[in-house]
Amino acid sequence: MTDILVVLEVRDGALRKGAGELLAAARRITDGSVDALVCSAGAVNGLDALGAVGADRVLTALHPDFATYCPDGIAATAASIASSYRAVLVAATATGKDLGPRIAARMNAPCAMDVTSLDMNGNAIRVVRPVYAGKALQTLDVSSSGVIVVRPGAYPAGQHGRPGATAAVNVPSFTRRLEVAAVRKSDKGALDVAEARVVISGGRGLGDPKNFALLDELAAAFGGEAAVGASRAVVDAGWAEHGAQVGQTGKTVAPELYIAVGISGAIQHLAGMRTAKVIVAINRDKDAPIFKVADYGIVGDLFEVVPALTAAVKQARAH
Ligand SMILES: Cc1cc2nc3c(=O)[nH]c(=O)nc-3n(C[C@H](O)[C@H](O)[C@H](O)COP(=O)(O)OP(=O)(O)OC[C@H]3O[C@@H](n4cnc5c(N)ncnc54)[C@H](O)[C@@H]3O)c2cc1C
């Protein structure tokens, strides 16, 4: 059995970002079919585009309880069809990290969390995942059917140009033990750090919450592709929302570009961003640990460096 089931996230009647990336991850481990399961309370925008990025079939499961995230119902639905598949893939978002183990428990199958790469190794699926706050990489062979929770951004979305047929899936009866009362959007309505191609994070070096405006300007210069993140020190100080926190007790991000501004690079922060494709660090302390993981390090005062960088990005994008 080589087919893969990918469970996609829906919010407010639309697919969440990252569906194409998860389908690309699935394509790495199969020449067979990739089916995308979409659980919702009604119509979902974007399903017709899934074929182009790698879904052979889009399986829709409708239930009124799926109007908000319903872990019991979605896990029951995914597990009810999982025996037809070699593996079930879920994105390692805040929701996916909750959902993946629930599906695995119902399947009585293993669950590999926070995976950054996956390939076939003989008949097993070989996955790599950071452990000990990113200090080491663990390689696991998943030899039976199982759930693999893949870090967002691990693979870029590909083009497959398949038609992407649709089919309905029955929702089995389930007991709703957990109810999501509401999903509160960030006050800024800004891009999520876990989904953005560029993440610019600020730390205590900013000195004052109002100086996050410098990072907002730099993010704006990237034309809507950048999100502003934060270290835990500034989240704890109330300078930024918890949703923006990057690190062991915040979000894990793997953007194409991560810019750390006035962040020392504590191990707990690195745990959330060290798999970014390109890391740029701006810090006035040349011995700051962040420079050990940075591809480009700028030793200098952020209040001079960031405005200069913003101007350079604006100029580069204008051409
Ligand atoms: C269990 C646990 C979980 C944790 N989880 C997380 C987590 O998820 N995410 C996280 O981030 N942290 C986490 N932490 C906290 C972590 O250990 C650090 O305390 C925190 O990351 C430090 O934040 P910071 O880099 O902003 O501040 P600091 O360590 O104070 O660093 C500030 C940096 O700014 C530089 N700087 C100052 N002024 C300027 C300037 N004008 N120009 C340029 N540079 C300047 C300084 O040289 C310094 O390097 C956790 C800690 C524990 C114990």
# chains A, B, ... in the order shown; residues from 1 in each chain; ligands from 1

$ closest_atom_pairs --of "chain A" --to "ligand 1" --cutoff "8 Å" --atoms "only C-alpha atoms and all ligand atoms" --output "CSV"
residue,atom,partner,partner_atom_place_in_ligand_line,distance
A:Gly202,CA,ligand 1,26 (O),6.7
A:Gly203,CA,ligand 1,26 (O),3.1
A:Arg204,CA,ligand 1,26 (O),3.9
A:Gly205,CA,ligand 1,37 (C),3.3
A:Leu206,CA,ligand 1,38 (N),6.2
A:Gly207,CA,ligand 1,38 (N),6.8
A:Ala230,CA,ligand 1,11 (O),6.7
A:Ser231,CA,ligand 1,11 (O),3.4
A:Arg232,CA,ligand 1,10 (C),3.9
A:Ala233,CA,ligand 1,23 (O),4.3
A:Val234,CA,ligand 1,26 (O),6.0
A:Gln245,CA,ligand 1,9 (N),6.1
A:Val246,CA,ligand 1,9 (N),5.1
A:Gly247,CA,ligand 1,8 (O),3.2
A:Gln248,CA,ligand 1,8 (O),3.8
A:Thr249,CA,ligand 1,8 (O),3.6
A:Gly250,CA,ligand 1,8 (O),4.3
A:Lys251,CA,ligand 1,8 (O),7.1
A:Val261,CA,ligand 1,44 (N),6.6
A:Gly262,CA,ligand 1,34 (O),3.5
A:Ile263,CA,ligand 1,25 (O),3.4
A:Ser264,CA,ligand 1,49 (O),3.4
A:Gly265,CA,ligand 1,25 (O),5.5
A:Ala266,CA,ligand 1,21 (O),4.9
A:Ile267,CA,ligand 1,17 (O),6.6
A:Gln268,CA,ligand 1,6 (C),4.5
A:His269,CA,ligand 1,11 (O),3.8
A:Leu270,CA,ligand 1,11 (O),7.6
A:Ala271,CA,ligand 1,8 (O),7.6
A:Gly272,CA,ligand 1,8 (O),6.8
A:Ile282,CA,ligand 1,43 (C),5.8
A:Asn283,CA,ligand 1,44 (N),3.5
A:Arg284,CA,ligand 1,43 (C),4.2
A:Asp285,CA,ligand 1,47 (O),4.5
A:Lys286,CA,ligand 1,47 (O),8.0
A:Ala288,CA,ligand 1,49 (O),5.3
A:Pro289,CA,ligand 1,49 (O),7.8
A:Ile290,CA,ligand 1,49 (O),7.9
A:Val299,CA,ligand 1,43 (C),7.4
A:Gly300,CA,ligand 1,43 (C),5.8
A:Asp301,CA,ligand 1,42 (N),3.6
A:Leu302,CA,ligand 1,42 (N),3.8
A:Phe303,CA,ligand 1,41 (N),6.0

$ select_by_dssp --residues "stretch 23-253 of chain A" --states "strand (DSSP E or B)" --output "number ranges by chain"
A: 34-40, 45, 57-62, 87-91, 111-115, 117-121, 124-131, 136-142, 146-150, 165-168, 198-202, 226-230, 245-246, 251

$ closest_atom_pairs --of "stretch 157-185 of chain A" --to "stretch 10-22 of chain A" --cutoff "12 Å" --atoms "only C-alpha atoms" --output "CSV"
residue,atom,partner,partner_atom,distance
A:Ala157,CA,A:Glu21,CA,4.3
A:Gly158,CA,A:Gly20,CA,7.0
A:Gln159,CA,A:Gly20,CA,8.8
A:His160,CA,A:Gly20,CA,10.4
A:Ala182,CA,A:Asp12,CA,11.5
A:Val183,CA,A:Arg11,CA,9.3
A:Arg184,CA,A:Arg11,CA,11.6
A:Lys185,CA,A:Arg11,CA,11.1

$ atom_distance --atom1 "atom CA of A:Leu59" --atom2 "atom CA of A:Ile29"
19.9 Å

$ select_by_dssp --residues "stretch 163-248 of chain A" --states "alpha helix (DSSP H)" --output "PyMOL selection string"
chain A and resi 212-221+232-236

$ closest_residue --among "A:Val180, A:Ala308, A:Val253, A:Ala168" --to "A:Ala91" --atoms "only C-alpha atoms"
A:Val253

$ atom_distance --atom1 "atom CA of A:Val38" --atom2 "atom CA of A:Thr60"
5.0 Å

$ closest_residue --among "A:Ala92, A:Ala55, A:Ala124, A:Ala87" --to "A:Val147" --atoms "only C-alpha atoms"
A:Ala87
